[in-house]
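A.B. asks: Just one file: model_15.cif, with mmCIF, C-alpha atoms.
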```
data_my_file
#
loop_
_atom_site.label_atom_id
_atom_site.label_comp_id
_atom_site.auth_asym_id
_atom_site.auth_seq_id
_atom_site.Cartn_x
_atom_site.Cartn_y
_atom_site.Cartn_z
CA MET A 1 0.00 0.00 0.00
CA SER A 2 1.46 3.34 -1.02
CA VAL A 3 1.32 6.45 1.15
CA PRO A 4 0.04 9.57 -0.64
CA ALA A 5 2.50 12.45 -0.84
CA ARG A 6 1.74 15.35 1.40
CA ARG A 7 1.85 18.84 -0.03
CA LEU A 8 3.04 21.83 1.94
CA PRO A 9 0.46 24.57 2.30
CA SER A 10 1.06 27.70 0.23
CA TRP A 11 1.69 29.85 3.33
CA ALA A 12 4.68 27.63 4.20
CA TRP A 13 6.19 28.17 0.74
CA VAL A 14 5.65 31.92 0.89
CA SER A 15 7.11 32.12 4.40
CA GLY A 16 10.16 30.08 3.38
CA LEU A 17 10.80 32.19 0.28
CA THR A 18 10.37 35.41 2.27
CA VAL A 19 12.87 34.30 4.92
CA GLY A 20 15.32 33.30 2.18
CA ALA A 21 14.95 36.64 0.39
CA ILE A 22 15.47 38.61 3.61
CA ALA A 23 18.62 36.61 4.38
CA ALA A 24 19.96 37.22 0.86
CA VAL A 25 19.28 40.96 1.10
CA ALA A 26 20.98 41.12 4.51
CA VAL A 27 24.09 39.39 3.14
CA LEU A 28 24.19 41.74 0.13
CA ALA A 29 23.70 44.80 2.37
CA VAL A 30 26.66 43.81 4.56
CA GLN A 31 28.81 43.22 1.48
CA ALA A 32 27.76 46.57 -0.03
CA ASP A 33 28.50 48.42 3.21
CA GLU A 34 32.06 47.01 3.16
CA GLY A 35 32.60 48.06 -0.46
CA SER A 36 33.67 51.39 -1.88
CA ARG A 37 31.35 54.38 -1.99
CA PRO A 38 30.62 56.30 -5.18
CA THR A 39 32.57 59.52 -5.55
CA GLY A 40 32.57 62.39 -8.00
CA ALA A 41 35.14 64.95 -9.04
CA THR A 42 34.92 68.36 -7.46
CA SER A 43 34.19 71.32 -9.65
CA ARG A 44 36.75 73.60 -8.00
CA PRO A 45 40.08 72.10 -7.06
CA SER A 46 42.32 74.27 -4.92
CA ALA A 47 45.99 74.27 -4.04
CA SER A 48 45.23 72.90 -0.59
CA ALA A 49 42.82 70.18 -1.65
CA PRO A 50 43.07 67.33 -4.14
CA ALA A 51 40.86 67.49 -7.24
CA SER A 52 38.61 64.75 -5.91
CA ALA A 53 35.36 64.95 -4.00
CA LYS A 54 36.38 61.90 -1.99
CA PRO A 55 37.20 62.93 1.57
CA THR A 56 40.36 61.87 3.27
CA PRO A 57 39.99 58.81 5.51
CA SER A 58 38.45 59.44 8.92
CA LYS A 59 41.00 60.42 11.53
CA PRO A 60 40.69 59.83 15.26
CA ALA A 61 39.43 62.66 17.45
CA SER A 62 43.02 63.22 18.59
CA VAL A 63 43.76 65.25 15.42
CA ALA A 64 44.49 68.74 16.71
CA VAL A 65 41.75 71.34 16.51
CA PRO A 66 42.97 74.21 14.26
CA ASP A 67 44.59 77.17 15.97
CA GLY A 68 42.48 80.30 16.01
CA SER A 69 39.19 78.39 16.07
CA GLY A 70 37.97 79.89 19.33
CA THR A 71 37.27 78.32 22.69
CA GLY A 72 34.45 76.40 24.32
CA ARG A 73 31.85 74.07 22.88
CA ARG A 74 31.73 74.51 19.10
CA ILE A 75 31.83 72.99 15.64
CA VAL A 76 35.01 73.81 13.72
CA TYR A 77 35.01 73.63 9.91
CA ALA A 78 38.43 73.91 8.21
CA LEU A 79 37.98 74.83 4.55
CA GLY A 80 41.47 73.82 3.40
CA GLU A 81 41.44 70.49 5.21
CA ARG A 82 37.83 69.72 4.31
CA ARG A 83 37.37 68.58 7.89
CA VAL A 84 34.99 69.19 10.80
CA TRP A 85 35.69 68.89 14.54
CA LEU A 86 33.12 68.59 17.32
CA VAL A 87 34.76 70.34 20.26
CA ASP A 88 33.42 70.09 23.82
CA ALA A 89 33.37 72.80 26.51
CA SER A 90 36.86 71.80 27.71
CA ASP A 91 38.25 72.47 24.19
CA ALA A 92 38.81 68.74 23.54
CA ALA A 93 37.94 67.33 20.12
CA ARG A 94 35.31 64.64 20.61
CA ARG A 95 35.09 63.70 16.93
CA THR A 96 36.61 64.78 13.65
CA PHE A 97 35.77 63.73 10.12
CA ALA A 98 36.27 64.64 6.47
CA VAL A 99 33.56 66.41 4.45
CA TRP A 100 32.69 67.13 0.82
CA PRO A 101 32.15 70.90 0.43
CA GLY A 102 29.78 72.48 -2.05
CA THR A 103 30.92 74.97 -4.68
CA VAL A 104 30.36 78.01 -2.41
CA ASP A 105 32.37 78.32 0.82
CA PRO A 106 31.43 80.45 3.80
CA GLU A 107 33.86 83.21 4.76
CA PRO A 108 36.10 82.35 7.71
CA GLY A 109 34.44 83.54 10.92
CA SER A 110 32.01 82.63 13.64
CA TYR A 111 28.43 81.56 12.93
CA THR A 112 25.64 79.73 14.76
CA ILE A 113 23.42 76.84 13.78
CA GLY A 114 20.08 78.32 12.79
CA GLN A 115 17.42 76.25 11.10
CA ARG A 116 17.61 72.45 11.36
CA THR A 117 15.68 70.24 8.94
CA GLU A 118 15.46 66.46 9.32
CA ALA A 119 15.21 65.62 5.60
CA THR A 120 14.65 67.23 2.20
CA THR A 121 15.96 67.20 -1.36
CA GLY A 122 19.25 69.03 -1.94
CA SER A 123 19.78 71.52 -4.75
CA ASP A 124 21.55 68.71 -6.62
CA GLY A 125 18.38 66.56 -6.53
CA VAL A 126 19.78 64.12 -3.92
CA GLU A 127 17.68 63.16 -0.88
CA ILE A 128 19.53 64.51 2.18
CA GLU A 129 19.11 64.38 5.96
CA ASN A 130 20.29 66.14 9.13
CA ILE A 131 20.48 69.55 7.46
CA MET A 132 21.88 72.27 9.71
CA TYR A 133 22.06 75.78 8.22
CA PHE A 134 24.78 78.07 9.58
CA ALA A 135 25.78 80.69 6.98
CA VAL A 136 24.91 82.49 3.75
CA SER A 137 27.58 83.31 1.18
CA SER A 138 26.99 84.93 -2.22
CA GLY A 139 23.27 84.46 -1.65
CA VAL A 140 23.69 80.69 -1.14
CA ASN A 141 22.66 78.97 2.10
CA ILE A 142 25.51 76.95 3.63
CA ALA A 143 24.50 73.85 5.59
CA PHE A 144 25.89 70.56 6.88
CA SER A 145 24.07 67.42 5.65
CA SER A 146 24.44 63.86 4.42
CA ALA A 147 22.91 61.96 1.52
CA LEU A 148 20.34 59.38 2.61
CA ASP A 149 22.19 56.77 0.53
CA GLY A 150 25.54 57.72 2.10
CA SER A 151 27.10 58.78 -1.21
CA SER A 152 29.26 61.79 -1.93
CA PRO A 153 27.60 64.60 -3.88
CA PRO A 154 27.61 64.31 -7.66
CA PRO A 155 29.84 66.76 -9.53
CA ALA A 156 28.20 70.15 -9.82
CA ALA A 157 27.35 71.41 -13.28
CA PRO A 158 29.60 74.26 -14.40
CA GLY A 159 28.38 77.53 -12.90
CA THR A 160 26.13 75.83 -10.35
CA GLN A 161 26.30 77.22 -6.83
CA THR A 162 25.81 74.69 -4.03
CA GLY A 163 26.29 75.31 -0.32
CA GLY A 164 25.88 71.81 1.08
CA VAL A 165 28.77 70.50 3.18
CA ARG A 166 28.17 66.76 2.92
CA MET A 167 29.53 64.01 5.13
CA LYS A 168 29.12 60.31 5.81
CA THR A 169 25.86 59.26 7.45
CA ALA A 170 27.41 58.30 10.83
CA ASP A 171 29.26 61.62 11.01
CA SER A 172 26.06 63.48 10.13
CA ALA A 173 24.18 61.71 12.91
CA ALA A 174 26.88 62.70 15.43
CA LEU A 175 26.84 66.30 14.19
CA TRP A 176 23.02 66.41 14.35
CA THR A 177 23.13 65.34 18.01
CA PHE A 178 25.96 67.76 18.88
CA GLY A 179 24.85 70.80 16.86
CA THR A 180 21.63 72.01 18.37
CA ALA A 181 20.19 75.38 17.32
CA GLY A 182 22.47 78.14 18.54
CA THR A 183 25.64 76.02 18.58
CA THR A 184 28.69 78.01 17.43
CA VAL A 185 30.28 77.09 14.09
CA THR A 186 33.78 78.45 13.57
CA VAL A 187 35.00 78.44 9.96
CA VAL A 188 38.78 78.63 9.45
CA GLU A 189 40.99 78.53 6.37
#
```
Translate this file's structure into structure tokens.
C.D. replies:
Amino acid sequence: MSVPARRLPSWAWVSGLTVGAIAAVAVLAVQADEGSRPTGATSRPSASAPASAKPTPSKPASVAVPDGSGTGRRIVYALGERRVWLVDASDAARRTFAVWPGTVDPEPGSYTIGQRTEATTGSDGVEIENIMYFAVSSGVNIAFSSALDGSSPPPAAPGTQTGGVRMKTADSAALWTFGTAGTTVTVVE
């Protein structure tokens, strides 16, 4: 006497395929996070910066805060180094990281974080988050932000004025927590 074959119910197949797809996506996401990030060429190379929009590798917080950047709790943005420091009230750097500047730089000086916006679309059409406005230069708003996908900004079209100072997502999250409205931003050469 033969035993009839038992069929699995359709919900079991769907559940099994869903679990398999989630596992595959998780593996691919981990591999993608370990890979290289897209970069674009900058539209305005300078003598102090390479002609690449790719920031220099992250450095530990022990990198010295630039001289002449003030005292007390503040954000320091060094134009030539393309780097930001989060400095606590004791003048110790708590974090430093590389950034991708826009095509318009703020003048060296002291500013404060004004408007903060959680997410929007940048002037380059990229979805951005953790936007913190701190200056206006040549009629262009200057703000810190990061792309939602973690990428560097695309090259700006010739003549385009952009004021976004982009950074990696983790750095943007740290800056968002540190830079509340009214926090001092010191811009140095």
A.B. asks: I'd like the residues picked by the PyMOL selection byres ((chain A and resi 149) around 12) written out as a ChimeraX atom specification, using the chain letters and numbers from the file.
C.D. replies: /A:32-33,37-38,126-129,145-148,150-153,166-170
A.B. asks: Quick one: write out the picked residues with C-alpha atoms as an mmCIF file, in the coordinates of the input?
C.D. replies:
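Now in out.cif:
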```
data_model
loop_
_atom_site.group_PDB
_atom_site.id
_atom_site.type_symbol
_atom_site.label_atom_id
_atom_site.label_comp_id
_atom_site.auth_asym_id
_atom_site.auth_seq_id
_atom_site.Cartn_x
_atom_site.Cartn_y
_atom_site.Cartn_z
ATOM 1 C CA ALA A 32 27.760 46.570 -0.030
ATOM 2 C CA ASP A 33 28.500 48.420 3.210
ATOM 3 C CA ARG A 37 31.350 54.380 -1.990
ATOM 4 C CA PRO A 38 30.620 56.300 -5.180
ATOM 5 C CA VAL A 126 19.780 64.120 -3.920
ATOM 6 C CA GLU A 127 17.680 63.160 -0.880
ATOM 7 C CA ILE A 128 19.530 64.510 2.180
ATOM 8 C CA GLU A 129 19.110 64.380 5.960
ATOM 9 C CA SER A 145 24.070 67.420 5.650
ATOM 10 C CA SER A 146 24.440 63.860 4.420
ATOM 11 C CA ALA A 147 22.910 61.960 1.520
ATOM 12 C CA LEU A 148 20.340 59.380 2.610
ATOM 13 C CA GLY A 150 25.540 57.720 2.100
ATOM 14 C CA SER A 151 27.100 58.780 -1.210
ATOM 15 C CA SER A 152 29.260 61.790 -1.930
ATOM 16 C CA PRO A 153 27.600 64.600 -3.880
ATOM 17 C CA ARG A 166 28.170 66.760 2.920
ATOM 18 C CA MET A 167 29.530 64.010 5.130
ATOM 19 C CA LYS A 168 29.120 60.310 5.810
ATOM 20 C CA THR A 169 25.860 59.260 7.450
ATOM 21 C CA ALA A 170 27.410 58.300 10.830
#
```
A.B. asks: Mind checking which residues fall within 8 Å of Asn141 in chain A, counting only C-alpha atoms, ignoring those fewer than 5 positions away in the same chain, and posting them as a compact mmCIF listing (two decimals) with C-alpha atoms, keeping the file's coordinate frame?
C.D. replies:
```txt
# COMPACT_ATOMS: atom_id res chain seq x y z
CA TYR A 133 22.06 75.78 8.22
CA PHE A 134 24.78 78.07 9.58
CA ALA A 135 25.78 80.69 6.98
CA VAL A 136 24.91 82.49 3.75
CA GLY A 163 26.29 75.31 -0.32
CA GLY A 164 25.88 71.81 1.08
```
A.B. asks: So that I can see what lies close to Thr186 in chain A, please list as a PDB file with C-alpha atoms, keeping the file's coordinate frame the residues with an atom at most 9 Å from it, counting only C-alpha atoms and leaving out residues fewer than 4 positions away in the same chain.
C.D. replies:
```pdb
ATOM      1  CA  SER A  69      39.190  78.390  16.070  1.00  0.00           C
ATOM      2  CA  GLY A  70      37.970  79.890  19.330  1.00  0.00           C
ATOM      3  CA  ARG A  74      31.730  74.510  19.100  1.00  0.00           C
ATOM      4  CA  ILE A  75      31.830  72.990  15.640  1.00  0.00           C
ATOM      5  CA  VAL A  76      35.010  73.810  13.720  1.00  0.00           C
ATOM      6  CA  TYR A  77      35.010  73.630   9.910  1.00  0.00           C
ATOM      7  CA  ALA A  78      38.430  73.910   8.210  1.00  0.00           C
ATOM      8  CA  PRO A 108      36.100  82.350   7.710  1.00  0.00           C
ATOM      9  CA  GLY A 109      34.440  83.540  10.920  1.00  0.00           C
ATOM     10  CA  SER A 110      32.010  82.630  13.640  1.00  0.00           C
ATOM     11  CA  TYR A 111      28.430  81.560  12.930  1.00  0.00           C
ATOM     12  CA  THR A 112      25.640  79.730  14.760  1.00  0.00           C
TER      13      THR A 112
END
```
A.B. asks: Tell me which protein, DNA and RNA residues are within 12 Å of Thr177 in chain A, counting all atoms listed in the file, leaving out same-chain ones fewer than 6 positions away, and put them as a PyMOL selection string.
C.D. replies: chain A and resi 75+86+116+118+130-132+170-171+183
A.B. asks: Identify which of the residues A:Phe178, A:Trp85, A:Trp100, A:Phe144 lies closest to Ala156 in chain A, counting all atoms listed in the file when measuring atom-to-atom distances.
C.D. replies: A:Trp100
A.B. asks: Hey, which of A:Gly72, A:Pro106, A:Pro155, A:Pro9 ends up closest to Val188 in chain A? Count all atoms listed in the file.
C.D. replies: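 Ranking A:Gly72, A:Pro106, A:Pro155, A:Pro9 by distance to Val188 in chain A, first place goes to A:Pro106.
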A.B. asks: So how far away is CA of Val187 in chain A from CA of Ser137 in chain A, in Å?
C.D. replies: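 Distance between the two atoms: 12.5 Å.
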A.B. asks: Take CA of Val87 in chain A and CA of Thr71 in chain A and report the distance between them in Å, one decimal.
C.D. replies: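 Computing it gives 8.7 Å between the two atoms.
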A.B. asks: Could you jot down the CA of Ala89 in chain A to CA of Thr184 in chain A separation for me, Å, one decimal place?
C.D. replies: 11.5 Å
A.B. asks: So, counting all atoms listed in the file, which residue among A:Ser10, A:Thr121, A:Ser90, A:Thr103 is closest to Ala157 in chain A?
C.D. replies: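 Ranking A:Ser10, A:Thr121, A:Ser90, A:Thr103 by distance to Ala157 in chain A, first place goes to A:Thr103.
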A.B. asks: Show which residues sit within 9 Å of Thr162 in chain A, as a list of chain:residue names. Count all atoms listed in the file, and ignore same-chain residues fewer than 2 positions away.
C.D. replies: A:Pro101, A:Gly102, A:Thr103, A:Val104, A:Asp105, A:Gly122, A:Ser123, A:Asp124, A:Val140, A:Asn141, A:Ile142, A:Ala156, A:Thr160, A:Gly164, A:Val165
A.B. asks: Under the PyMOL selection byres ((chain A and resi 65) around 7), which residues of this model are included? Write them out as a ChimeraX atom specification.
C.D. replies: /A:63-64,66-67,85,93
A.B. asks: Could you spell out the hits of the PyMOL selection byres ((chain A and resi 97) around 6) on the shown file, as a PyMOL selection string?
C.D. replies: chain A and resi 58+83-84+96+98
A.B. asks: Go through A:Arg94, A:Gly139, A:Gln161, A:Thr120 one by one, measure the shortest atom-to-atom distance of each to Ala174 in chain A using all atoms listed in the file, and give the residue with the smallest value.
C.D. replies: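 For Ala174 in chain A, the nearest of the given residues is A:Arg94.
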A.B. asks: If the box runs along x, y and z of the file and leaves 3 Å on each side of range 131-136 of chain A, what are its centre and edge lengths in Å, one decimal, as AutoDock Vina command-line options?
C.D. replies:
```
--center_x 23.1 --center_y 76.0 --center_z 6.7 --size_x 11.3 --size_y 18.9 --size_z 12.0
```
A.B. asks: When distances are computed from all atoms listed in the file, which of A:Val99, A:Ala92, A:Ile113, A:Leu79 shows the smallest separation from Gly182 in chain A?
C.D. replies: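 Of the candidates, the smallest distance to Gly182 in chain A is held by A:Ile113.
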